[in-house]
file work.txt (compact mmCIF, C-alpha atoms)
# COMPACT_ATOMS: atom_id res chain seq x y z
CA MET A 1 0.00 0.00 0.00
CA GLY A 2 2.99 2.31 0.32
CA LYS A 3 3.41 5.27 2.61
CA THR A 4 0.40 7.19 3.83
CA VAL A 5 -0.17 10.78 2.80
CA GLN A 6 0.52 11.84 6.38
CA GLU A 7 3.85 9.96 6.37
CA ILE A 8 4.94 11.58 3.11
CA TYR A 9 3.97 15.04 4.37
CA SER A 10 5.81 14.49 7.67
CA ALA A 11 8.92 13.31 5.82
CA ARG A 12 8.95 16.48 3.74
CA VAL A 13 8.60 18.60 6.85
CA ALA A 14 11.43 16.70 8.55
CA GLY A 15 13.59 17.15 5.46
CA GLY A 16 13.03 20.88 5.44
CA LEU A 17 11.27 20.80 2.06
CA ILE A 18 8.07 22.31 3.44
CA LYS A 19 6.90 23.88 6.68
CA ALA A 20 4.27 22.18 8.81
CA ASP A 21 0.98 24.03 8.40
CA PRO A 22 -2.06 23.12 10.56
CA ALA A 23 -4.44 24.14 7.77
CA GLN A 24 -2.71 21.78 5.34
CA GLN A 25 -2.58 18.97 7.90
CA VAL A 26 -6.38 19.02 8.20
CA VAL A 27 -6.58 18.04 4.52
CA LEU A 28 -4.29 15.01 4.86
CA PRO A 29 -6.92 12.56 6.21
CA LEU A 30 -9.25 13.44 3.32
CA LEU A 31 -6.47 12.69 0.84
CA GLU A 32 -5.55 9.49 2.66
CA GLU A 33 -9.11 8.17 2.34
CA LEU A 34 -8.89 8.64 -1.40
CA ARG A 35 -5.42 7.10 -1.59
CA VAL A 36 -6.62 3.97 0.22
CA HIS A 37 -9.63 3.72 -2.09
CA LEU A 38 -7.58 4.18 -5.25
CA ASN A 39 -4.77 1.84 -4.24
CA GLY A 40 -7.22 -1.00 -3.79
CA ALA A 41 -7.59 -1.52 -0.05
CA PRO A 42 -11.10 -1.77 1.41
CA PRO A 43 -12.25 1.69 2.45
CA ARG A 44 -12.39 2.47 6.12
CA PRO A 45 -15.85 3.02 7.62
CA SER A 46 -15.37 6.77 7.76
CA LEU A 47 -15.12 6.96 3.96
CA ARG A 48 -18.85 6.61 3.38
CA ALA A 49 -19.59 8.97 6.20
CA LEU A 50 -17.32 11.53 4.57
CA PHE A 51 -18.52 11.27 1.00
CA GLY A 52 -22.08 10.01 1.40
CA LYS A 53 -23.35 6.60 0.35
CA GLN A 54 -22.42 6.22 -3.27
CA PRO A 55 -22.52 2.76 -4.81
CA ASP A 56 -19.66 3.53 -7.19
CA GLY A 57 -17.22 4.95 -4.66
CA PRO A 58 -16.09 8.43 -3.66
CA GLY A 59 -16.16 11.20 -6.23
CA GLY A 60 -13.12 13.02 -4.95
CA LEU A 61 -12.06 16.28 -3.35
CA TYR A 62 -12.64 19.93 -4.29
CA LEU A 63 -9.92 21.89 -2.52
CA TRP A 64 -10.27 25.65 -2.68
CA GLY A 65 -8.82 28.70 -1.00
CA GLY A 66 -6.57 31.71 -1.41
CA VAL A 67 -3.58 31.88 -3.67
CA GLY A 68 -0.33 30.32 -2.45
CA ARG A 69 -1.76 28.34 0.47
CA GLY A 70 -0.38 25.00 -0.70
CA LYS A 71 -3.33 23.51 -2.58
CA SER A 72 -1.28 22.41 -5.58
CA MET A 73 1.52 21.11 -3.38
CA LEU A 74 -0.93 18.91 -1.47
CA MET A 75 -2.48 17.66 -4.70
CA ASP A 76 0.93 16.79 -6.15
CA LEU A 77 1.90 15.00 -2.94
CA PHE A 78 -1.31 12.98 -3.13
CA VAL A 79 -0.93 12.14 -6.82
CA GLY A 80 2.57 10.88 -6.15
CA ALA A 81 1.23 8.56 -3.44
CA VAL A 82 -1.36 6.94 -5.73
CA SER A 83 -0.32 3.83 -7.65
CA ALA A 84 -3.51 3.53 -9.70
CA PRO A 85 -3.59 4.88 -13.29
CA LYS A 86 -3.70 8.64 -12.95
CA ARG A 87 -3.32 11.93 -14.74
CA ARG A 88 -2.52 15.40 -13.43
CA VAL A 89 -3.42 18.20 -15.85
CA HIS A 90 -4.39 21.85 -15.87
CA PHE A 91 -8.16 22.17 -16.12
CA HIS A 92 -8.10 24.50 -19.14
CA ALA A 93 -5.86 22.13 -21.10
CA PHE A 94 -8.05 19.14 -20.23
CA MET A 95 -11.22 20.86 -21.40
CA GLN A 96 -9.59 21.73 -24.71
CA GLU A 97 -8.81 18.03 -25.19
CA ILE A 98 -12.44 17.21 -24.44
CA HIS A 99 -13.66 19.71 -27.04
CA ALA A 100 -11.28 18.24 -29.63
CA GLY A 101 -12.51 14.73 -28.79
CA ILE A 102 -16.15 15.78 -29.12
CA HIS A 103 -15.43 17.36 -32.50
CA ALA A 104 -13.76 14.15 -33.71
CA ALA A 105 -16.62 11.99 -32.38
CA ARG A 106 -19.19 14.12 -34.19
CA LYS A 107 -17.26 13.79 -37.44
CA SER A 108 -17.31 10.02 -37.03
CA GLY A 109 -21.11 10.06 -36.68
CA ALA A 110 -21.58 9.59 -32.91
CA GLN A 111 -25.11 10.53 -31.85
CA ASP A 112 -23.94 11.71 -28.43
CA ALA A 113 -20.34 12.76 -28.93
CA LEU A 114 -19.61 13.19 -25.22
CA ILE A 115 -20.23 9.53 -24.36
CA PRO A 116 -17.23 8.02 -26.24
CA VAL A 117 -14.99 10.88 -25.10
CA ALA A 118 -15.84 10.33 -21.43
CA ALA A 119 -15.52 6.58 -21.88
CA ALA A 120 -12.03 6.98 -23.34
CA VAL A 121 -10.94 9.10 -20.37
CA ALA A 122 -12.38 6.59 -17.88
CA ALA A 123 -10.65 3.71 -19.67
CA ASP A 124 -7.25 5.33 -19.17
CA VAL A 125 -7.34 6.58 -15.57
CA LYS A 126 -8.83 6.00 -12.16
CA LEU A 127 -7.68 9.40 -10.90
CA LEU A 128 -7.91 12.80 -12.55
CA ALA A 129 -6.16 15.68 -10.80
CA PHE A 130 -7.01 19.18 -12.03
CA ASP A 131 -5.15 22.30 -11.06
CA GLU A 132 -6.84 25.72 -11.04
CA MET A 133 -10.43 24.79 -11.91
CA GLN A 134 -12.09 27.86 -13.37
CA ILE A 135 -15.03 28.07 -15.76
CA ASN A 136 -15.02 31.09 -18.07
CA ASP A 137 -16.16 29.69 -21.38
CA ILE A 138 -19.84 28.96 -22.03
CA THR A 139 -18.94 25.88 -24.08
CA ASP A 140 -17.09 24.47 -21.06
CA ALA A 141 -19.99 25.37 -18.81
CA MET A 142 -22.50 23.55 -20.98
CA ILE A 143 -20.67 20.21 -21.12
CA VAL A 144 -18.71 19.93 -17.88
CA GLY A 145 -21.69 18.73 -15.83
CA ARG A 146 -22.48 15.76 -18.07
CA LEU A 147 -18.78 14.99 -18.41
CA PHE A 148 -18.19 14.82 -14.67
CA GLU A 149 -21.38 12.83 -14.14
CA GLN A 150 -20.21 10.17 -16.59
CA LEU A 151 -16.74 10.07 -15.08
CA PHE A 152 -18.16 9.66 -11.58
CA GLN A 153 -20.44 6.87 -12.80
CA ALA A 154 -17.41 5.12 -14.29
CA GLY A 155 -15.68 5.25 -10.90
CA VAL A 156 -13.11 7.92 -11.78
CA VAL A 157 -11.96 9.89 -8.74
CA ILE A 158 -11.45 13.61 -9.32
CA ILE A 159 -9.41 15.96 -7.19
CA THR A 160 -9.24 19.61 -8.12
CA THR A 161 -7.89 22.85 -6.74
CA SER A 162 -9.52 26.22 -7.24
CA ASN A 163 -9.36 29.77 -5.94
CA ARG A 164 -13.16 29.80 -5.82
CA ALA A 165 -15.78 27.94 -3.81
CA PRO A 166 -18.05 25.79 -6.02
CA ASP A 167 -20.81 28.40 -5.76
CA GLY A 168 -18.41 30.99 -7.22
CA LEU A 169 -17.72 29.05 -10.42
CA TYR A 170 -18.91 30.64 -13.66
CA GLU A 171 -20.16 33.59 -11.66
CA ASN A 172 -22.21 36.01 -13.79
CA GLY A 173 -21.70 33.71 -16.77
CA LEU A 174 -24.09 33.54 -19.71
CA ASN A 175 -27.03 31.19 -19.02
CA ARG A 176 -25.57 30.41 -15.60
CA GLN A 177 -28.83 28.81 -14.48
CA LEU A 178 -28.01 25.91 -16.81
CA PHE A 179 -24.69 25.50 -14.99
CA LEU A 180 -26.11 25.29 -11.47
CA PRO A 181 -26.77 21.50 -11.58
CA PHE A 182 -23.02 21.02 -12.05
CA ILE A 183 -22.35 22.94 -8.84
CA ASP A 184 -24.85 20.70 -7.04
CA LEU A 185 -23.09 17.65 -8.51
CA LEU A 186 -19.72 18.83 -7.20
CA LYS A 187 -21.09 19.41 -3.71
CA THR A 188 -22.91 16.06 -3.71
CA ARG A 189 -20.20 13.82 -5.12
CA MET A 190 -17.01 15.51 -3.87
CA ALA A 191 -15.78 16.50 -0.44
CA VAL A 192 -15.51 20.30 -0.55
CA HIS A 193 -12.83 21.75 1.70
CA GLU A 194 -11.57 25.31 2.07
CA LEU A 195 -7.87 25.54 2.81
CA VAL A 196 -7.68 28.42 5.27
CA SER A 197 -4.04 29.20 5.94
CA VAL A 198 -2.64 32.50 7.16
CA THR A 199 0.51 31.96 5.10
CA ASP A 200 0.85 32.69 1.38
CA TYR A 201 3.79 30.43 0.51
CA ARG A 202 3.97 31.63 -3.08
CA GLN A 203 4.27 35.20 -1.90
CA ASP A 204 7.00 34.14 0.54
CA VAL A 205 9.26 33.44 -2.45
CA LEU A 206 8.84 37.06 -3.51
CA VAL A 207 9.10 38.71 -0.10
CA GLY A 208 12.02 41.10 -0.21
CA SER A 209 12.66 40.29 -3.86
CA GLN A 210 12.88 42.86 -6.60
CA VAL A 211 10.09 42.30 -9.12
CA TYR A 212 10.90 44.92 -11.79
CA PHE A 213 14.29 44.74 -13.50
CA SER A 214 15.86 47.23 -15.86
CA PRO A 215 17.76 47.02 -18.02
CA ALA A 216 16.83 43.51 -19.17
CA ASP A 217 20.41 42.27 -19.08
CA GLY A 218 22.15 39.14 -17.86
CA VAL A 219 21.95 40.21 -14.23
CA ALA A 220 18.19 40.66 -14.53
CA ARG A 221 17.86 37.31 -16.29
CA ASP A 222 19.78 35.48 -13.56
CA GLU A 223 17.65 37.00 -10.81
CA ILE A 224 14.39 36.27 -12.62
CA ASN A 225 15.56 32.71 -13.24
CA ARG A 226 16.06 32.38 -9.49
CA ILE A 227 12.52 33.62 -8.81
CA TRP A 228 11.08 31.33 -11.49
CA ALA A 229 12.88 28.32 -10.02
CA GLY A 230 11.54 29.13 -6.57
CA LEU A 231 7.97 29.49 -7.81
CA SER A 232 7.89 26.61 -10.27
CA GLY A 233 10.14 24.10 -8.54
CA GLY A 234 11.88 23.61 -11.86
CA GLU A 235 8.77 22.11 -13.48
CA SER A 236 6.68 23.63 -16.25
CA HIS A 237 4.69 22.91 -19.37
CA GLU A 238 3.12 24.93 -22.14
CA LEU A 239 -0.44 26.08 -21.49
CA THR A 240 -2.73 27.16 -24.31
CA LEU A 241 -5.90 29.09 -23.50
CA HIS A 242 -8.60 29.17 -26.18
CA VAL A 243 -10.65 32.36 -26.23
CA GLN A 244 -13.30 33.01 -28.86
CA GLY A 245 -11.38 31.05 -31.47
CA ARG A 246 -8.00 32.58 -30.60
CA LYS A 247 -5.07 30.99 -28.80
CA VAL A 248 -3.20 32.51 -25.88
CA VAL A 249 0.01 30.50 -25.50
CA LEU A 250 1.97 30.58 -22.25
CA PRO A 251 5.28 28.84 -23.05
CA ARG A 252 5.98 27.95 -19.42
CA PHE A 253 3.37 27.32 -16.75
CA HIS A 254 3.23 25.55 -13.40
CA ASN A 255 0.73 25.78 -10.54
CA GLY A 256 -0.67 29.16 -11.46
CA VAL A 257 2.71 30.69 -12.31
CA ALA A 258 3.45 31.54 -15.95
CA ARG A 259 6.49 32.83 -17.78
CA ALA A 260 6.45 34.46 -21.21
CA THR A 261 8.23 37.14 -23.18
CA PHE A 262 6.77 40.47 -24.26
CA TRP A 263 6.53 39.18 -27.82
CA ASP A 264 4.79 35.94 -26.75
CA LEU A 265 1.85 38.00 -25.49
CA CYS A 266 2.00 41.42 -27.12
CA GLY A 267 3.39 40.35 -30.49
CA HIS A 268 0.14 38.57 -31.41
CA PRO A 269 -3.31 40.05 -32.15
CA LEU A 270 -4.72 39.56 -28.66
CA GLY A 271 -7.13 41.80 -26.78
CA ALA A 272 -8.92 42.36 -23.51
CA ALA A 273 -10.85 39.06 -23.55
CA ASP A 274 -7.63 37.11 -24.09
CA PHE A 275 -5.83 38.86 -21.27
CA LEU A 276 -8.84 38.37 -18.98
CA ALA A 277 -8.60 34.62 -19.59
CA LEU A 278 -4.89 34.80 -18.84
CA ALA A 279 -5.52 36.66 -15.57
CA ASP A 280 -8.06 34.02 -14.54
CA ALA A 281 -5.59 31.20 -15.17
CA VAL A 282 -2.48 32.86 -13.72
CA ARG A 283 -1.74 34.28 -10.29
CA VAL A 284 1.90 35.19 -11.00
CA LEU A 285 3.17 36.28 -14.43
CA ILE A 286 6.87 36.60 -15.21
CA LEU A 287 7.19 38.80 -18.30
CA ASP A 288 10.64 38.94 -19.91
CA ASP A 289 12.26 41.48 -22.21
CA VAL A 290 9.81 44.37 -22.55
CA PRO A 291 11.39 46.76 -25.09
CA ARG A 292 11.14 50.51 -25.30
CA LEU A 293 7.77 51.43 -26.75
CA GLY A 294 6.82 54.02 -29.35
CA ARG A 295 5.93 54.58 -32.99
CA GLY A 296 7.86 51.55 -34.20
CA ASN A 297 5.86 49.07 -32.12
CA TYR A 298 2.63 50.98 -31.52
CA ASN A 299 0.28 47.97 -31.84
CA GLU A 300 2.39 45.90 -29.47
CA ALA A 301 2.54 48.83 -27.05
CA ARG A 302 -1.25 49.13 -27.04
CA ARG A 303 -1.57 45.44 -26.22
CA PHE A 304 0.97 45.87 -23.43
CA VAL A 305 -1.15 48.65 -21.92
CA ILE A 306 -4.25 46.42 -22.01
CA LEU A 307 -2.28 43.54 -20.50
CA ILE A 308 -1.02 45.64 -17.60
CA ASP A 309 -4.49 47.10 -16.98
CA THR A 310 -5.94 43.58 -16.86
CA LEU A 311 -3.24 42.22 -14.53
CA TYR A 312 -3.65 45.27 -12.29
CA GLU A 313 -7.42 44.90 -11.97
CA ALA A 314 -7.10 41.17 -11.29
CA ARG A 315 -4.33 41.73 -8.70
CA VAL A 316 -1.99 39.35 -10.52
CA GLN A 317 1.59 39.47 -9.26
CA LEU A 318 3.90 40.69 -12.04
CA VAL A 319 7.63 40.03 -12.26
CA MET A 320 9.11 41.84 -15.24
CA SER A 321 12.31 42.77 -17.03
CA ALA A 322 12.29 45.80 -19.30
CA ALA A 323 14.58 48.04 -21.31
CA ASP A 324 14.03 50.93 -18.89
CA VAL A 325 12.15 52.05 -15.80
CA PRO A 326 8.36 52.54 -16.21
CA ASP A 327 8.50 56.31 -16.69
CA ARG A 328 11.00 55.98 -19.55
CA LEU A 329 9.54 52.99 -21.36
CA TYR A 330 7.25 55.01 -23.67
CA LEU A 331 8.67 58.46 -24.45
CA GLU A 332 7.55 59.26 -27.99
CA GLY A 333 4.71 58.66 -30.39
CA SER A 334 0.94 58.42 -30.11
CA GLY A 335 -0.05 57.00 -26.76
CA ALA A 336 2.96 58.28 -24.83
CA PHE A 337 0.82 60.60 -22.71
CA GLU A 338 -1.77 57.91 -21.92
CA PHE A 339 1.05 55.56 -20.91
CA GLY A 340 1.47 57.63 -17.76
CA ARG A 341 -1.29 55.61 -16.10
CA THR A 342 0.38 52.37 -17.10
CA ALA A 343 3.71 53.56 -15.70
CA SER A 344 1.96 54.48 -12.45
CA ARG A 345 0.41 51.04 -12.23
CA LEU A 346 3.74 49.36 -12.94
CA ARG A 347 5.28 51.29 -10.06
CA GLU A 348 2.43 50.36 -7.75
CA MET A 349 2.68 46.69 -8.72
CA GLN A 350 6.27 46.69 -7.49
CA GLY A 351 5.10 47.40 -3.95
CA GLU A 352 5.65 44.75 -1.31
CA GLY A 353 2.48 42.79 -0.65
CA TRP A 354 0.91 43.55 -4.02
CA GLY A 355 0.10 39.91 -4.67
CA CYS A 356 -1.17 39.44 -1.11
CA ALA A 357 -4.25 41.59 -1.72
CA PRO A 358 -7.62 39.79 -1.68
CA GLN A 359 -8.42 38.15 -4.97
CA LYS A 360 -11.67 38.48 -6.83
CA SER A 361 -14.41 36.32 -5.41
CA SER A 362 -13.15 33.01 -4.17
call {"tool": "encode", "arguments": {"input": "work.txt", "output": "structure tokens"}}
result
Amino acid sequence: MGKTVQEIYSARVAGGLIKADPAQQVVLPLLEELRVHLNGAPPRPSLRALFGKQPDGPGGLYLWGGVGRGKSMLMDLFVGAVSAPKRRVHFHAFMQEIHAGIHAARKSGAQDALIPVAAAVAADVKLLAFDEMQINDITDAMIVGRLFEQLFQAGVVIITTSNRAPDGLYENGLNRQLFLPFIDLLKTRMAVHELVSVTDYRQDVLVGSQVYFSPADGVARDEINRIWAGLSGGESHELTLHVQGRKVVLPRFHNGVARATFWDLCGHPLGAADFLALADAVRVLILDDVPRLGRGNYNEARRFVILIDTLYEARVQLVMSAADVPDRLYLEGSGAFEFGRTASRLREMQGEGWGCAPQKSS
């Protein structure tokens, strides 16, 4: 059966890899119940009491709470302790795979295209682990309920992290009343637990650290690499967000932290809706190599202004390297005067504790 979740957590504390946190330790028994179930041992009596009497086993765990409290760390620890077939994937990326599968099933003549797609997922895994569950797209909202229902019926266990309580998902979304049964399904089939910790461990990495670097030279790159390593643990993958038929590609992403260059985001025809989706998926953005702005890159400069406005309103932590300080980034050409507000926001976003501010509804 291997080590328990509690034993693995305690070993990491003893090894100095993490700090013991009472709020995190409360979650460990919930994860251990799932580990025992997935690894094939008979469930302990408390399992049914915890999840309700379900003939096809526990649905899983919905772990939500503020940014940087250790949700993803706990999920990764749990996934590593499970020997059953499993997959850990960002929720946005998974839903894009589902949409592609549905499209292929429809082309092959399936009457209900979701059924073979869900069946294929259930055939491959017993555990699905989603990071950063967030519903922004109406197409996701309209299929996710039936998808999860079929996965639960097939005995797939789902664990997910989110910055929002289930009732806050798809808030103010189009036709939200059609989405409400999915929220009820989550609360019925999954244990819902809020991780209430006073410590923001992600912010701890940035405490006392410079977050705006100019010029964008080798010294800046080395320091940003250090910050990225501390936030990502040396792990990352590409994340593609699909927004109204467009793609927003984040070359490096891990546990809510993304890293991209100025040209990755501002060199493509993206707008406010794209950057809103980015801000929903990312809690820390490392933006490399912002050039001086002006007549020669006016379109890119306008996108940069929209990006900064969006990150500012969403209270996303920004770590950035640029050719110059904010007040000297945009000195000539149309838009230079309006850039004053952007420069002011860039200065404010350098303040200690910026990323500690309360996030939008969670």
call {"tool": "residues_around", "arguments": {"input": "work.txt", "residues": "A:Leu346", "least_positions_apart": "5", "cutoff": "10 Å", "atoms": "all atoms listed in the file", "output": "MDAnalysis selection string"}}
result
chainID A and resid 212 308:309 312 318 320 325:327 340:341 351
call {"tool": "closest_residue", "arguments": {"input": "work.txt", "among": "A:Glu332, A:Gln350, A:Gly66, A:Gln24", "to": "A:Ser10", "atoms": "all atoms listed in the file"}}
result
A:Gln24
call {"tool": "closest_residue", "arguments": {"input": "work.txt", "among": "A:Ala343, A:Ala216, A:Leu31, A:Ala81", "to": "A:Asp324", "atoms": "all atoms listed in the file"}}
result
A:Ala216
call {"tool": "closest_residue", "arguments": {"input": "work.txt", "among": "A:Pro215, A:Gly230, A:Pro116, A:Gly168", "to": "A:Ile183", "atoms": "all atoms listed in the file"}}
result
A:Gly168
call {"tool": "closest_residue", "arguments": {"input": "work.txt", "among": "A:Asn136, A:Ser214, A:Asn163, A:Val13", "to": "A:His193", "atoms": "only C-alpha atoms"}}
result
A:Asn163
call {"tool": "closest_residue", "arguments": {"input": "work.txt", "among": "A:Val144, A:Ala322, A:Ala14, A:Ile135", "to": "A:Ala281", "atoms": "only C-alpha atoms"}}
result
A:Ile135
call {"tool": "atom_distance", "arguments": {"input": "work.txt", "atom1": "atom CA of A:Asn225", "atom2": "atom CA of A:Trp263"}}
result
18.3 Å
call {"tool": "residues_around", "arguments": {"input": "work.txt", "residues": "A:Gly59", "least_positions_apart": "2", "cutoff": "8 Å", "atoms": "all atoms listed in the file", "output": "MDAnalysis selection string"}}
result
chainID A and resid 51 57 61 152 155:158 189:191
call {"tool": "write_last_selection", "arguments": {"input": "work.txt", "atoms": "C-alpha atoms", "output": "PDB file, in the coordinates of the input"}}
result
ATOM      1  CA  PHE A  51     -18.520  11.270   1.000  1.00  0.00           C
ATOM      2  CA  GLY A  57     -17.220   4.950  -4.660  1.00  0.00           C
ATOM      3  CA  LEU A  61     -12.060  16.280  -3.350  1.00  0.00           C
ATOM      4  CA  PHE A 152     -18.160   9.660 -11.580  1.00  0.00           C
ATOM      5  CA  GLY A 155     -15.680   5.250 -10.900  1.00  0.00           C
ATOM      6  CA  VAL A 156     -13.110   7.920 -11.780  1.00  0.00           C
ATOM      7  CA  VAL A 157     -11.960   9.890  -8.740  1.00  0.00           C
ATOM      8  CA  ILE A 158     -11.450  13.610  -9.320  1.00  0.00           C
ATOM      9  CA  ARG A 189     -20.200  13.820  -5.120  1.00  0.00           C
ATOM     10  CA  MET A 190     -17.010  15.510  -3.870  1.00  0.00           C
ATOM     11  CA  ALA A 191     -15.780  16.500  -0.440  1.00  0.00           C
TER      12      ALA A 191
END
call {"tool": "closest_residue", "arguments": {"input": "work.txt", "among": "A:His92, A:Leu293, A:Leu169, A:Ile306", "to": "A:Val243", "atoms": "all atoms listed in the file"}}
result
A:His92
call {"tool": "atom_distance", "arguments": {"input": "work.txt", "atom1": "atom CA of A:Glu348", "atom2": "atom CA of A:Gln317"}}
result
11.0 Å
call {"tool": "residues_near_point", "arguments": {"input": "work.txt", "point": "(-20.7, 25.7, 0.3)", "cutoff": "7 Å", "atoms": "all atoms listed in the file", "output": "number ranges by chain"}}
result
A: 165-167
call {"tool": "build_atoms", "arguments": {"input": "work.txt", "residues": "stretch 28-39 of chain A", "atoms": "N, CA and C atoms", "output": "PDB file, keeping the file's coordinate frame"}}
result
ATOM      1  N   LEU A  28      -4.974  16.288   5.071  1.00  0.00           N
ATOM      2  CA  LEU A  28      -4.290  15.010   4.860  1.00  0.00           C
ATOM      3  C   LEU A  28      -5.193  13.787   5.050  1.00  0.00           C
ATOM      4  N   PRO A  29      -6.040  13.735   6.085  1.00  0.00           N
ATOM      5  CA  PRO A  29      -6.920  12.560   6.210  1.00  0.00           C
ATOM      6  C   PRO A  29      -7.890  12.410   5.036  1.00  0.00           C
ATOM      7  N   LEU A  30      -8.357  13.514   4.471  1.00  0.00           N
ATOM      8  CA  LEU A  30      -9.250  13.440   3.320  1.00  0.00           C
ATOM      9  C   LEU A  30      -8.518  12.825   2.116  1.00  0.00           C
ATOM     10  N   LEU A  31      -7.267  13.243   1.921  1.00  0.00           N
ATOM     11  CA  LEU A  31      -6.470  12.690   0.840  1.00  0.00           C
ATOM     12  C   LEU A  31      -6.129  11.221   1.087  1.00  0.00           C
ATOM     13  N   GLU A  32      -5.891  10.884   2.337  1.00  0.00           N
ATOM     14  CA  GLU A  32      -5.550   9.490   2.660  1.00  0.00           C
ATOM     15  C   GLU A  32      -6.712   8.556   2.373  1.00  0.00           C
ATOM     16  N   GLU A  33      -7.945   8.987   2.661  1.00  0.00           N
ATOM     17  CA  GLU A  33      -9.110   8.170   2.340  1.00  0.00           C
ATOM     18  C   GLU A  33      -9.161   7.864   0.849  1.00  0.00           C
ATOM     19  N   LEU A  34      -8.881   8.846   0.045  1.00  0.00           N
ATOM     20  CA  LEU A  34      -8.890   8.640  -1.400  1.00  0.00           C
ATOM     21  C   LEU A  34      -7.732   7.754  -1.840  1.00  0.00           C
ATOM     22  N   ARG A  35      -6.569   7.940  -1.232  1.00  0.00           N
ATOM     23  CA  ARG A  35      -5.420   7.100  -1.590  1.00  0.00           C
ATOM     24  C   ARG A  35      -5.714   5.633  -1.314  1.00  0.00           C
ATOM     25  N   VAL A  36      -6.286   5.346  -0.150  1.00  0.00           N
ATOM     26  CA  VAL A  36      -6.620   3.970   0.220  1.00  0.00           C
ATOM     27  C   VAL A  36      -7.614   3.384  -0.779  1.00  0.00           C
ATOM     28  N   HIS A  37      -8.618   4.183  -1.121  1.00  0.00           N
ATOM     29  CA  HIS A  37      -9.630   3.720  -2.090  1.00  0.00           C
ATOM     30  C   HIS A  37      -8.990   3.427  -3.445  1.00  0.00           C
ATOM     31  N   LEU A  38      -8.155   4.330  -3.922  1.00  0.00           N
ATOM     32  CA  LEU A  38      -7.580   4.180  -5.250  1.00  0.00           C
ATOM     33  C   LEU A  38      -6.545   3.067  -5.322  1.00  0.00           C
ATOM     34  N   ASN A  39      -5.815   2.856  -4.235  1.00  0.00           N
ATOM     35  CA  ASN A  39      -4.770   1.840  -4.240  1.00  0.00           C
ATOM     36  C   ASN A  39      -5.288   0.447  -3.947  1.00  0.00           C
TER      37      ASN A  39
END
